[in-house]
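Have a look at upload.tsv; it's TSV, N, CA and C atoms:
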```tsv
chain	number	residue	atom	x	y	z
J	14	MET	N	3.18	-16.89	-3.33
J	14	MET	CA	2.28	-15.90	-3.89
J	14	MET	C	3.08	-14.99	-4.82
J	15	LEU	N	2.54	-14.77	-6.01
J	15	LEU	CA	3.13	-13.84	-6.95
J	15	LEU	C	2.14	-12.72	-7.21
J	16	LYS	N	2.60	-11.47	-7.11
J	16	LYS	CA	1.74	-10.32	-7.37
J	16	LYS	C	2.19	-9.67	-8.67
J	17	TYR	N	1.22	-9.23	-9.47
J	17	TYR	CA	1.53	-8.73	-10.81
J	17	TYR	C	0.66	-7.52	-11.14
J	18	ASP	N	1.26	-6.55	-11.77
J	18	ASP	CA	0.57	-5.36	-12.27
J	18	ASP	C	0.47	-5.53	-13.78
J	19	SER	N	-0.65	-6.03	-14.26
J	19	SER	CA	-0.78	-6.41	-15.68
J	19	SER	C	-0.76	-5.23	-16.64
J	20	ASN	N	-1.09	-4.04	-16.18
J	20	ASN	CA	-1.10	-2.89	-17.08
J	20	ASN	C	-0.04	-1.85	-16.73
J	21	SER	N	0.89	-2.21	-15.83
J	21	SER	CA	2.04	-1.36	-15.46
J	21	SER	C	1.66	0.03	-14.97
J	22	ASN	N	0.55	0.13	-14.22
J	22	ASN	CA	0.16	1.44	-13.70
J	22	ASN	C	0.50	1.61	-12.22
J	23	GLY	N	1.21	0.62	-11.66
J	23	GLY	CA	1.62	0.71	-10.27
J	23	GLY	C	0.68	0.06	-9.28
J	24	THR	N	-0.41	-0.54	-9.74
J	24	THR	CA	-1.37	-1.21	-8.88
J	24	THR	C	-1.40	-2.70	-9.18
J	25	VAL	N	-1.22	-3.51	-8.16
J	25	VAL	CA	-1.30	-4.96	-8.34
J	25	VAL	C	-2.74	-5.33	-8.63
J	26	ASP	N	-2.97	-6.03	-9.74
J	26	ASP	CA	-4.33	-6.43	-10.10
J	26	ASP	C	-4.48	-7.94	-10.29
J	27	THR	N	-3.37	-8.67	-10.20
J	27	THR	CA	-3.39	-10.12	-10.38
J	27	THR	C	-2.51	-10.75	-9.32
J	28	VAL	N	-3.07	-11.74	-8.59
J	28	VAL	CA	-2.31	-12.45	-7.56
J	28	VAL	C	-2.40	-13.94	-7.87
J	29	SER	N	-1.24	-14.58	-7.97
J	29	SER	CA	-1.17	-16.02	-8.21
J	29	SER	C	-0.76	-16.71	-6.93
J	30	TYR	N	-1.51	-17.73	-6.55
J	30	TYR	CA	-1.19	-18.55	-5.38
J	30	TYR	C	-0.53	-19.82	-5.87
J	31	MET	N	0.63	-20.12	-5.30
J	31	MET	CA	1.47	-21.20	-5.81
J	31	MET	C	1.75	-22.24	-4.72
J	32	ASN	N	2.09	-23.43	-5.18
J	32	ASN	CA	2.65	-24.48	-4.33
J	32	ASN	C	3.97	-24.83	-4.99
J	33	GLY	N	5.03	-24.18	-4.56
J	33	GLY	CA	6.31	-24.29	-5.26
J	33	GLY	C	6.18	-23.62	-6.62
J	34	ALA	N	6.45	-24.36	-7.68
J	34	ALA	CA	6.33	-23.81	-9.04
J	34	ALA	C	4.96	-24.08	-9.65
J	35	ARG	N	4.08	-24.72	-8.90
J	35	ARG	CA	2.75	-25.09	-9.42
J	35	ARG	C	1.72	-24.03	-9.06
J	36	VAL	N	0.99	-23.55	-10.06
J	36	VAL	CA	-0.08	-22.57	-9.85
J	36	VAL	C	-1.30	-23.29	-9.29
J	37	LEU	N	-1.83	-22.78	-8.19
J	37	LEU	CA	-3.06	-23.33	-7.61
J	37	LEU	C	-4.27	-22.50	-8.03
J	38	ARG	N	-4.13	-21.17	-7.88
J	38	ARG	CA	-5.24	-20.26	-8.13
J	38	ARG	C	-4.70	-18.91	-8.52
J	39	ILE	N	-5.42	-18.23	-9.38
J	39	ILE	CA	-5.10	-16.85	-9.75
J	39	ILE	C	-6.34	-16.00	-9.49
J	40	GLU	N	-6.14	-14.87	-8.82
J	40	GLU	CA	-7.23	-13.94	-8.55
J	40	GLU	C	-6.97	-12.64	-9.31
J	41	ILE	N	-8.01	-12.15	-9.99
J	41	ILE	CA	-7.85	-10.97	-10.84
J	41	ILE	C	-8.84	-9.89	-10.43
J	42	ASP	N	-8.30	-8.68	-10.21
J	42	ASP	CA	-9.10	-7.49	-9.91
J	42	ASP	C	-8.90	-6.53	-11.08
J	43	LYS	N	-9.61	-6.78	-12.16
J	43	LYS	CA	-9.38	-6.05	-13.41
J	43	LYS	C	-9.65	-4.55	-13.29
J	44	ASP	N	-10.69	-4.16	-12.52
J	44	ASP	CA	-11.00	-2.73	-12.40
J	44	ASP	C	-10.24	-2.06	-11.26
J	45	GLU	N	-9.39	-2.83	-10.57
J	45	GLU	CA	-8.49	-2.32	-9.53
J	45	GLU	C	-9.22	-1.57	-8.41
J	46	ASP	N	-10.39	-2.10	-8.01
J	46	ASP	CA	-11.12	-1.47	-6.91
J	46	ASP	C	-10.90	-2.19	-5.58
J	47	GLY	N	-9.97	-3.16	-5.57
J	47	GLY	CA	-9.68	-3.91	-4.36
J	47	GLY	C	-10.55	-5.13	-4.16
J	48	LYS	N	-11.46	-5.40	-5.12
J	48	LYS	CA	-12.35	-6.56	-5.04
J	48	LYS	C	-12.10	-7.47	-6.24
J	49	VAL	N	-11.84	-8.73	-5.97
J	49	VAL	CA	-11.58	-9.70	-7.03
J	49	VAL	C	-12.85	-9.95	-7.82
J	50	GLU	N	-12.73	-9.98	-9.16
J	50	GLU	CA	-13.87	-10.28	-10.02
J	50	GLU	C	-13.76	-11.67	-10.66
J	51	ARG	N	-12.54	-12.21	-10.71
J	51	ARG	CA	-12.31	-13.48	-11.41
J	51	ARG	C	-11.32	-14.33	-10.63
J	52	TRP	N	-11.65	-15.61	-10.49
J	52	TRP	CA	-10.78	-16.59	-9.86
J	52	TRP	C	-10.54	-17.71	-10.85
J	53	GLU	N	-9.29	-18.07	-11.08
J	53	GLU	CA	-8.96	-19.19	-11.98
J	53	GLU	C	-8.34	-20.29	-11.13
J	54	TYR	N	-8.86	-21.51	-11.26
J	54	TYR	CA	-8.38	-22.66	-10.48
J	54	TYR	C	-7.72	-23.66	-11.42
J	55	TYR	N	-6.53	-24.12	-11.02
J	55	TYR	CA	-5.74	-25.02	-11.85
J	55	TYR	C	-5.56	-26.37	-11.16
J	56	GLY	N	-5.59	-27.44	-11.96
J	56	GLY	CA	-5.40	-28.79	-11.44
J	56	GLY	C	-3.93	-29.13	-11.32
J	57	ALA	N	-3.65	-30.34	-10.83
J	57	ALA	CA	-2.28	-30.80	-10.65
J	57	ALA	C	-1.52	-30.84	-11.97
J	58	ASP	N	-2.26	-30.98	-13.08
J	58	ASP	CA	-1.65	-31.01	-14.42
J	58	ASP	C	-1.42	-29.61	-14.98
J	59	GLN	N	-1.73	-28.58	-14.17
J	59	GLN	CA	-1.57	-27.18	-14.53
J	59	GLN	C	-2.53	-26.72	-15.62
J	60	LYS	N	-3.61	-27.46	-15.82
J	60	LYS	CA	-4.65	-27.05	-16.76
J	60	LYS	C	-5.75	-26.34	-15.99
J	61	LEU	N	-6.34	-25.36	-16.62
J	61	LEU	CA	-7.44	-24.61	-16.02
J	61	LEU	C	-8.62	-25.55	-15.82
J	62	GLU	N	-9.10	-25.65	-14.57
J	62	GLU	CA	-10.24	-26.51	-14.26
J	62	GLU	C	-11.56	-25.74	-14.21
J	63	LYS	N	-11.52	-24.57	-13.57
J	63	LYS	CA	-12.74	-23.77	-13.49
J	63	LYS	C	-12.37	-22.31	-13.28
J	64	VAL	N	-13.33	-21.45	-13.63
J	64	VAL	CA	-13.17	-20.01	-13.46
J	64	VAL	C	-14.37	-19.53	-12.64
J	65	GLY	N	-14.08	-18.83	-11.55
J	65	GLY	CA	-15.12	-18.24	-10.73
J	65	GLY	C	-15.29	-16.78	-11.07
J	66	PHE	N	-16.51	-16.29	-10.90
J	66	PHE	CA	-16.83	-14.90	-11.21
J	66	PHE	C	-17.62	-14.27	-10.08
J	67	SER	N	-17.47	-12.97	-9.94
J	67	SER	CA	-18.32	-12.18	-9.06
J	67	SER	C	-19.25	-11.40	-9.97
J	68	ARG	N	-20.50	-11.88	-10.10
J	68	ARG	CA	-21.43	-11.24	-11.04
J	68	ARG	C	-21.76	-9.81	-10.66
J	69	ALA	N	-21.70	-9.49	-9.38
J	69	ALA	CA	-21.99	-8.13	-8.92
J	69	ALA	C	-20.72	-7.30	-8.75
J	70	ALA	N	-19.57	-7.88	-9.10
J	70	ALA	CA	-18.27	-7.19	-8.98
J	70	ALA	C	-18.04	-6.68	-7.56
J	71	ASP	N	-18.46	-7.49	-6.56
J	71	ASP	CA	-18.31	-7.09	-5.17
J	71	ASP	C	-17.31	-7.95	-4.41
J	72	GLY	N	-16.55	-8.77	-5.13
J	72	GLY	CA	-15.55	-9.62	-4.50
J	72	GLY	C	-16.09	-10.93	-3.98
J	73	LYS	N	-17.37	-11.20	-4.22
J	73	LYS	CA	-17.99	-12.45	-3.77
J	73	LYS	C	-18.16	-13.37	-4.97
J	74	GLU	N	-17.50	-14.52	-4.92
J	74	GLU	CA	-17.54	-15.49	-6.01
J	74	GLU	C	-18.91	-16.18	-6.01
J	75	ASP	N	-19.66	-16.04	-7.13
J	75	ASP	CA	-21.01	-16.59	-7.15
J	75	ASP	C	-21.39	-17.27	-8.46
J	76	ALA	N	-20.45	-17.46	-9.36
J	76	ALA	CA	-20.70	-18.21	-10.60
J	76	ALA	C	-19.39	-18.85	-11.04
J	77	TRP	N	-19.51	-20.03	-11.69
J	77	TRP	CA	-18.32	-20.78	-12.08
J	77	TRP	C	-18.53	-21.41	-13.45
J	78	SER	N	-17.51	-21.33	-14.27
J	78	SER	CA	-17.53	-22.08	-15.54
J	78	SER	C	-16.44	-23.15	-15.44
J	79	PHE	N	-16.76	-24.33	-15.97
J	79	PHE	CA	-15.87	-25.47	-15.88
J	79	PHE	C	-15.37	-25.82	-17.27
J	80	ALA	N	-14.06	-26.05	-17.36
J	80	ALA	CA	-13.43	-26.34	-18.65
J	80	ALA	C	-13.40	-27.85	-18.91
J	81	GLY	N	-13.63	-28.21	-20.17
J	81	GLY	CA	-13.49	-29.60	-20.59
J	81	GLY	C	-12.04	-29.87	-20.97
J	82	ALA	N	-11.76	-31.08	-21.38
J	82	ALA	CA	-10.40	-31.49	-21.73
J	82	ALA	C	-9.81	-30.65	-22.86
J	83	ASP	N	-10.68	-30.17	-23.76
J	83	ASP	CA	-10.20	-29.37	-24.88
J	83	ASP	C	-10.18	-27.87	-24.58
J	84	GLY	N	-10.52	-27.51	-23.34
J	84	GLY	CA	-10.51	-26.11	-22.95
J	84	GLY	C	-11.85	-25.40	-23.13
J	85	SER	N	-12.81	-26.06	-23.77
J	85	SER	CA	-14.11	-25.44	-23.97
J	85	SER	C	-14.92	-25.48	-22.67
J	86	ILE	N	-15.88	-24.60	-22.55
J	86	ILE	CA	-16.73	-24.57	-21.36
J	86	ILE	C	-17.75	-25.70	-21.46
J	87	VAL	N	-17.79	-26.56	-20.43
J	87	VAL	CA	-18.71	-27.69	-20.44
J	87	VAL	C	-19.86	-27.52	-19.46
J	88	ARG	N	-19.71	-26.59	-18.50
J	88	ARG	CA	-20.77	-26.39	-17.51
J	88	ARG	C	-20.61	-25.01	-16.87
J	89	ILE	N	-21.73	-24.42	-16.51
J	89	ILE	CA	-21.73	-23.16	-15.77
J	89	ILE	C	-22.67	-23.34	-14.58
J	90	ASP	N	-22.17	-23.02	-13.38
J	90	ASP	CA	-22.97	-23.06	-12.16
J	90	ASP	C	-23.12	-21.64	-11.64
J	91	VAL	N	-24.30	-21.35	-11.08
J	91	VAL	CA	-24.57	-20.03	-10.51
J	91	VAL	C	-25.18	-20.21	-9.13
J	92	SER	N	-24.69	-19.44	-8.18
J	92	SER	CA	-25.23	-19.41	-6.83
J	92	SER	C	-26.23	-18.26	-6.76
J	93	THR	N	-27.50	-18.57	-6.94
J	93	THR	CA	-28.52	-17.51	-6.97
J	93	THR	C	-28.67	-16.84	-5.61
J	94	GLY	N	-28.34	-17.56	-4.52
J	94	GLY	CA	-28.39	-16.98	-3.19
J	94	GLY	C	-27.13	-16.23	-2.83
J	95	ARG	N	-26.13	-16.25	-3.75
J	95	ARG	CA	-24.84	-15.59	-3.58
J	95	ARG	C	-24.13	-16.05	-2.31
J	96	ASP	N	-24.35	-17.33	-1.95
J	96	ASP	CA	-23.76	-17.89	-0.75
J	96	ASP	C	-22.76	-19.02	-1.06
J	97	GLY	N	-22.41	-19.18	-2.31
J	97	GLY	CA	-21.48	-20.22	-2.73
J	97	GLY	C	-22.13	-21.56	-2.98
J	98	LYS	N	-23.44	-21.66	-2.71
J	98	LYS	CA	-24.18	-22.90	-2.96
J	98	LYS	C	-24.91	-22.81	-4.28
J	99	VAL	N	-24.80	-23.87	-5.05
J	99	VAL	CA	-25.43	-23.91	-6.38
J	99	VAL	C	-26.85	-24.42	-6.26
```

Could you show the structure in this file as C-alpha cells?
Amino acid sequence: MLKYDSNSNGTVDTVSYMNGARVLRIEIDKDEDGKVERWEYYGADQKLEKVGFSRAADGKEDAWSFAGADGSIVRIDVSTGRDGKV
C-alpha cells in the first residue's frame, strides 16, 4: 500500500494498493472528507481497466466506466439501487 498527499497539505488523499511493484487499485478522496469518491482498477498489463465512482460522494461505489484498448470510455454501468448491482 502506498499513501500519497497529492496537494501537499498534510492529508493523505490517494491510496494505491499494490502486488509487489504492480498497481492493483487506486482509491482517491479528492475532497479529503475520509470517503473515497473514485476507484481506479488496473489489469495485469498495468493499463486502466475501469474507474468506479461514488455519485453521492458517500464512499459507496455505484457507477463504473470501462476503458477500451485505446483508453477511451467504451461502457458506463450504474447501480441504481446503490448496492453494487447493475

So that I can see what lies close to region 15-22 of chain J, please list as an mmCIF file with N, CA and C atoms, keeping the file's coordinate frame the residues with an atom at most 12 Å from it, counting only C-alpha atoms and leaving out residues fewer than 6 positions away in the same chain.
```
data_model
loop_
_atom_site.group_PDB
_atom_site.id
_atom_site.type_symbol
_atom_site.label_atom_id
_atom_site.label_comp_id
_atom_site.auth_asym_id
_atom_site.auth_seq_id
_atom_site.Cartn_x
_atom_site.Cartn_y
_atom_site.Cartn_z
ATOM 1 N N VAL J 28 -3.070 -11.740 -8.590
ATOM 2 C CA VAL J 28 -2.310 -12.450 -7.560
ATOM 3 C C VAL J 28 -2.400 -13.940 -7.870
ATOM 4 N N SER J 29 -1.240 -14.580 -7.970
ATOM 5 C CA SER J 29 -1.170 -16.020 -8.210
ATOM 6 C C SER J 29 -0.760 -16.710 -6.930
ATOM 7 N N TYR J 30 -1.510 -17.730 -6.550
ATOM 8 C CA TYR J 30 -1.190 -18.550 -5.380
ATOM 9 C C TYR J 30 -0.530 -19.820 -5.870
ATOM 10 N N MET J 31 0.630 -20.120 -5.300
ATOM 11 C CA MET J 31 1.470 -21.200 -5.810
ATOM 12 C C MET J 31 1.750 -22.240 -4.720
ATOM 13 N N ASN J 32 2.090 -23.430 -5.180
ATOM 14 C CA ASN J 32 2.650 -24.480 -4.330
ATOM 15 C C ASN J 32 3.970 -24.830 -4.990
ATOM 16 N N GLY J 33 5.030 -24.180 -4.560
ATOM 17 C CA GLY J 33 6.310 -24.290 -5.260
ATOM 18 C C GLY J 33 6.180 -23.620 -6.620
ATOM 19 N N ALA J 34 6.450 -24.360 -7.680
ATOM 20 C CA ALA J 34 6.330 -23.810 -9.040
ATOM 21 C C ALA J 34 4.960 -24.080 -9.650
ATOM 22 N N ARG J 35 4.080 -24.720 -8.900
ATOM 23 C CA ARG J 35 2.750 -25.090 -9.420
ATOM 24 C C ARG J 35 1.720 -24.030 -9.060
ATOM 25 N N VAL J 36 0.990 -23.550 -10.060
ATOM 26 C CA VAL J 36 -0.080 -22.570 -9.850
ATOM 27 C C VAL J 36 -1.300 -23.290 -9.290
ATOM 28 N N LEU J 37 -1.830 -22.780 -8.190
ATOM 29 C CA LEU J 37 -3.060 -23.330 -7.610
ATOM 30 C C LEU J 37 -4.270 -22.500 -8.030
ATOM 31 N N ARG J 38 -4.130 -21.170 -7.880
ATOM 32 C CA ARG J 38 -5.240 -20.260 -8.130
ATOM 33 C C ARG J 38 -4.700 -18.910 -8.520
ATOM 34 N N ILE J 39 -5.420 -18.230 -9.380
ATOM 35 C CA ILE J 39 -5.100 -16.850 -9.750
ATOM 36 C C ILE J 39 -6.340 -16.000 -9.490
ATOM 37 N N GLU J 40 -6.140 -14.870 -8.820
ATOM 38 C CA GLU J 40 -7.230 -13.940 -8.550
ATOM 39 C C GLU J 40 -6.970 -12.640 -9.310
ATOM 40 N N ILE J 41 -8.010 -12.150 -9.990
ATOM 41 C CA ILE J 41 -7.850 -10.970 -10.840
ATOM 42 C C ILE J 41 -8.840 -9.890 -10.430
ATOM 43 N N ASP J 42 -8.300 -8.680 -10.210
ATOM 44 C CA ASP J 42 -9.100 -7.490 -9.910
ATOM 45 C C ASP J 42 -8.900 -6.530 -11.080
ATOM 46 N N LYS J 43 -9.610 -6.780 -12.160
ATOM 47 C CA LYS J 43 -9.380 -6.050 -13.410
ATOM 48 C C LYS J 43 -9.650 -4.550 -13.290
ATOM 49 N N ASP J 44 -10.690 -4.160 -12.520
ATOM 50 C CA ASP J 44 -11.000 -2.730 -12.400
ATOM 51 C C ASP J 44 -10.240 -2.060 -11.260
ATOM 52 N N GLU J 45 -9.390 -2.830 -10.570
ATOM 53 C CA GLU J 45 -8.490 -2.320 -9.530
ATOM 54 C C GLU J 45 -9.220 -1.570 -8.410
#
```

* Calculate how many Å separate CA of Thr27 (chain J) from atom N of Lys60 (chain J), rounding to one decimal. =>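 The value is 18.2 Å.
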
Output, as JSON, the centre and edge lengths in Å (one decimal) of the axis-aligned box that contains all listed atoms of region 37-43 of chain J with 3 Å of margin on each side.
```
{"center_x": -5.7, "center_y": -13.9, "center_z": -10.5, "size_x": 13.8, "size_y": 24.8, "size_z": 11.8}
```

* Asked: What is the atom C of Asp71 (chain J)-CA of Tyr55 (chain J) distance in Å, reported with one decimal?
  -> 21.9 Å

* Asked: Using all atoms listed in the file, which residue out of J:Gly47, J:Asp96, J:Gly84, J:Glu53 lies closest to Gly72 (chain J)?
  ->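 Once distances to Gly72 (chain J) are computed over all atoms listed in the file, the minimum belongs to J:Gly47.
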
* Asked: What is the distance, in Å and to one decimal place, between CA of Lys48 (chain J) and CA of Ala70 (chain J)?
  ->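 Interatomic distance, CA of Lys48 (chain J) to CA of Ala70 (chain J): 7.1 Å.
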
* Give as a VMD selection string each residue that has an atom at most 6.5 Å from (-12.8, -25.7, -14.4) in the file, counting all atoms listed in the file. => chain J and resid 54 61 to 64 78 to 81

* Could you tell me, as an NGL selection string, which residues have any atom at most 10 Å from (-27.3, -18.8, -13.7), counting only C-alpha atoms? -> :J and (68 or 75-77 or 89-93 or 99)

Please output region 80-98 of chain J, rebuilt to include N, CA, C and O atoms, as an mmCIF file, in the frame of the given file.
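Below is the file out_31.cif, written as the result:
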```cif
data_model
loop_
_atom_site.group_PDB
_atom_site.id
_atom_site.type_symbol
_atom_site.label_atom_id
_atom_site.label_comp_id
_atom_site.auth_asym_id
_atom_site.auth_seq_id
_atom_site.Cartn_x
_atom_site.Cartn_y
_atom_site.Cartn_z
ATOM 1 N N ALA J 80 -14.060 -26.050 -17.360
ATOM 2 C CA ALA J 80 -13.430 -26.340 -18.650
ATOM 3 C C ALA J 80 -13.400 -27.850 -18.910
ATOM 4 O O ALA J 80 -13.153 -28.643 -18.004
ATOM 5 N N GLY J 81 -13.630 -28.210 -20.170
ATOM 6 C CA GLY J 81 -13.490 -29.600 -20.590
ATOM 7 C C GLY J 81 -12.040 -29.870 -20.970
ATOM 8 O O GLY J 81 -11.184 -28.983 -20.902
ATOM 9 N N ALA J 82 -11.760 -31.080 -21.380
ATOM 10 C CA ALA J 82 -10.400 -31.490 -21.730
ATOM 11 C C ALA J 82 -9.810 -30.650 -22.860
ATOM 12 O O ALA J 82 -8.609 -30.404 -22.905
ATOM 13 N N ASP J 83 -10.680 -30.170 -23.760
ATOM 14 C CA ASP J 83 -10.200 -29.370 -24.880
ATOM 15 C C ASP J 83 -10.180 -27.870 -24.580
ATOM 16 O O ASP J 83 -9.883 -27.051 -25.440
ATOM 17 N N GLY J 84 -10.520 -27.510 -23.340
ATOM 18 C CA GLY J 84 -10.510 -26.110 -22.950
ATOM 19 C C GLY J 84 -11.850 -25.400 -23.130
ATOM 20 O O GLY J 84 -12.009 -24.275 -22.684
ATOM 21 N N SER J 85 -12.810 -26.060 -23.770
ATOM 22 C CA SER J 85 -14.110 -25.440 -23.970
ATOM 23 C C SER J 85 -14.920 -25.480 -22.670
ATOM 24 O O SER J 85 -14.672 -26.316 -21.796
ATOM 25 N N ILE J 86 -15.880 -24.600 -22.550
ATOM 26 C CA ILE J 86 -16.730 -24.570 -21.360
ATOM 27 C C ILE J 86 -17.750 -25.700 -21.460
ATOM 28 O O ILE J 86 -18.481 -25.793 -22.457
ATOM 29 N N VAL J 87 -17.790 -26.560 -20.430
ATOM 30 C CA VAL J 87 -18.710 -27.690 -20.440
ATOM 31 C C VAL J 87 -19.860 -27.520 -19.460
ATOM 32 O O VAL J 87 -20.870 -28.196 -19.564
ATOM 33 N N ARG J 88 -19.710 -26.590 -18.500
ATOM 34 C CA ARG J 88 -20.770 -26.390 -17.510
ATOM 35 C C ARG J 88 -20.610 -25.010 -16.870
ATOM 36 O O ARG J 88 -19.496 -24.536 -16.702
ATOM 37 N N ILE J 89 -21.730 -24.420 -16.510
ATOM 38 C CA ILE J 89 -21.730 -23.160 -15.770
ATOM 39 C C ILE J 89 -22.670 -23.340 -14.580
ATOM 40 O O ILE J 89 -23.804 -23.787 -14.733
ATOM 41 N N ASP J 90 -22.170 -23.020 -13.380
ATOM 42 C CA ASP J 90 -22.970 -23.060 -12.160
ATOM 43 C C ASP J 90 -23.120 -21.640 -11.640
ATOM 44 O O ASP J 90 -22.188 -20.836 -11.725
ATOM 45 N N VAL J 91 -24.300 -21.350 -11.080
ATOM 46 C CA VAL J 91 -24.570 -20.030 -10.510
ATOM 47 C C VAL J 91 -25.180 -20.210 -9.130
ATOM 48 O O VAL J 91 -26.072 -21.032 -8.930
ATOM 49 N N SER J 92 -24.690 -19.440 -8.180
ATOM 50 C CA SER J 92 -25.230 -19.410 -6.830
ATOM 51 C C SER J 92 -26.230 -18.260 -6.760
ATOM 52 O O SER J 92 -25.850 -17.107 -6.568
ATOM 53 N N THR J 93 -27.500 -18.570 -6.940
ATOM 54 C CA THR J 93 -28.520 -17.510 -6.970
ATOM 55 C C THR J 93 -28.670 -16.840 -5.610
ATOM 56 O O THR J 93 -29.040 -15.673 -5.537
ATOM 57 N N GLY J 94 -28.340 -17.560 -4.520
ATOM 58 C CA GLY J 94 -28.390 -16.980 -3.190
ATOM 59 C C GLY J 94 -27.130 -16.230 -2.830
ATOM 60 O O GLY J 94 -27.015 -15.662 -1.755
ATOM 61 N N ARG J 95 -26.130 -16.250 -3.750
ATOM 62 C CA ARG J 95 -24.840 -15.590 -3.580
ATOM 63 C C ARG J 95 -24.130 -16.050 -2.310
ATOM 64 O O ARG J 95 -23.412 -15.308 -1.669
ATOM 65 N N ASP J 96 -24.350 -17.330 -1.950
ATOM 66 C CA ASP J 96 -23.760 -17.890 -0.750
ATOM 67 C C ASP J 96 -22.760 -19.020 -1.060
ATOM 68 O O ASP J 96 -22.346 -19.738 -0.163
ATOM 69 N N GLY J 97 -22.410 -19.180 -2.310
ATOM 70 C CA GLY J 97 -21.480 -20.220 -2.730
ATOM 71 C C GLY J 97 -22.130 -21.560 -2.980
ATOM 72 O O GLY J 97 -21.482 -22.495 -3.400
ATOM 73 N N LYS J 98 -23.440 -21.660 -2.710
ATOM 74 C CA LYS J 98 -24.180 -22.900 -2.960
ATOM 75 C C LYS J 98 -24.910 -22.810 -4.280
ATOM 76 O O LYS J 98 -25.538 -21.802 -4.579
#
```
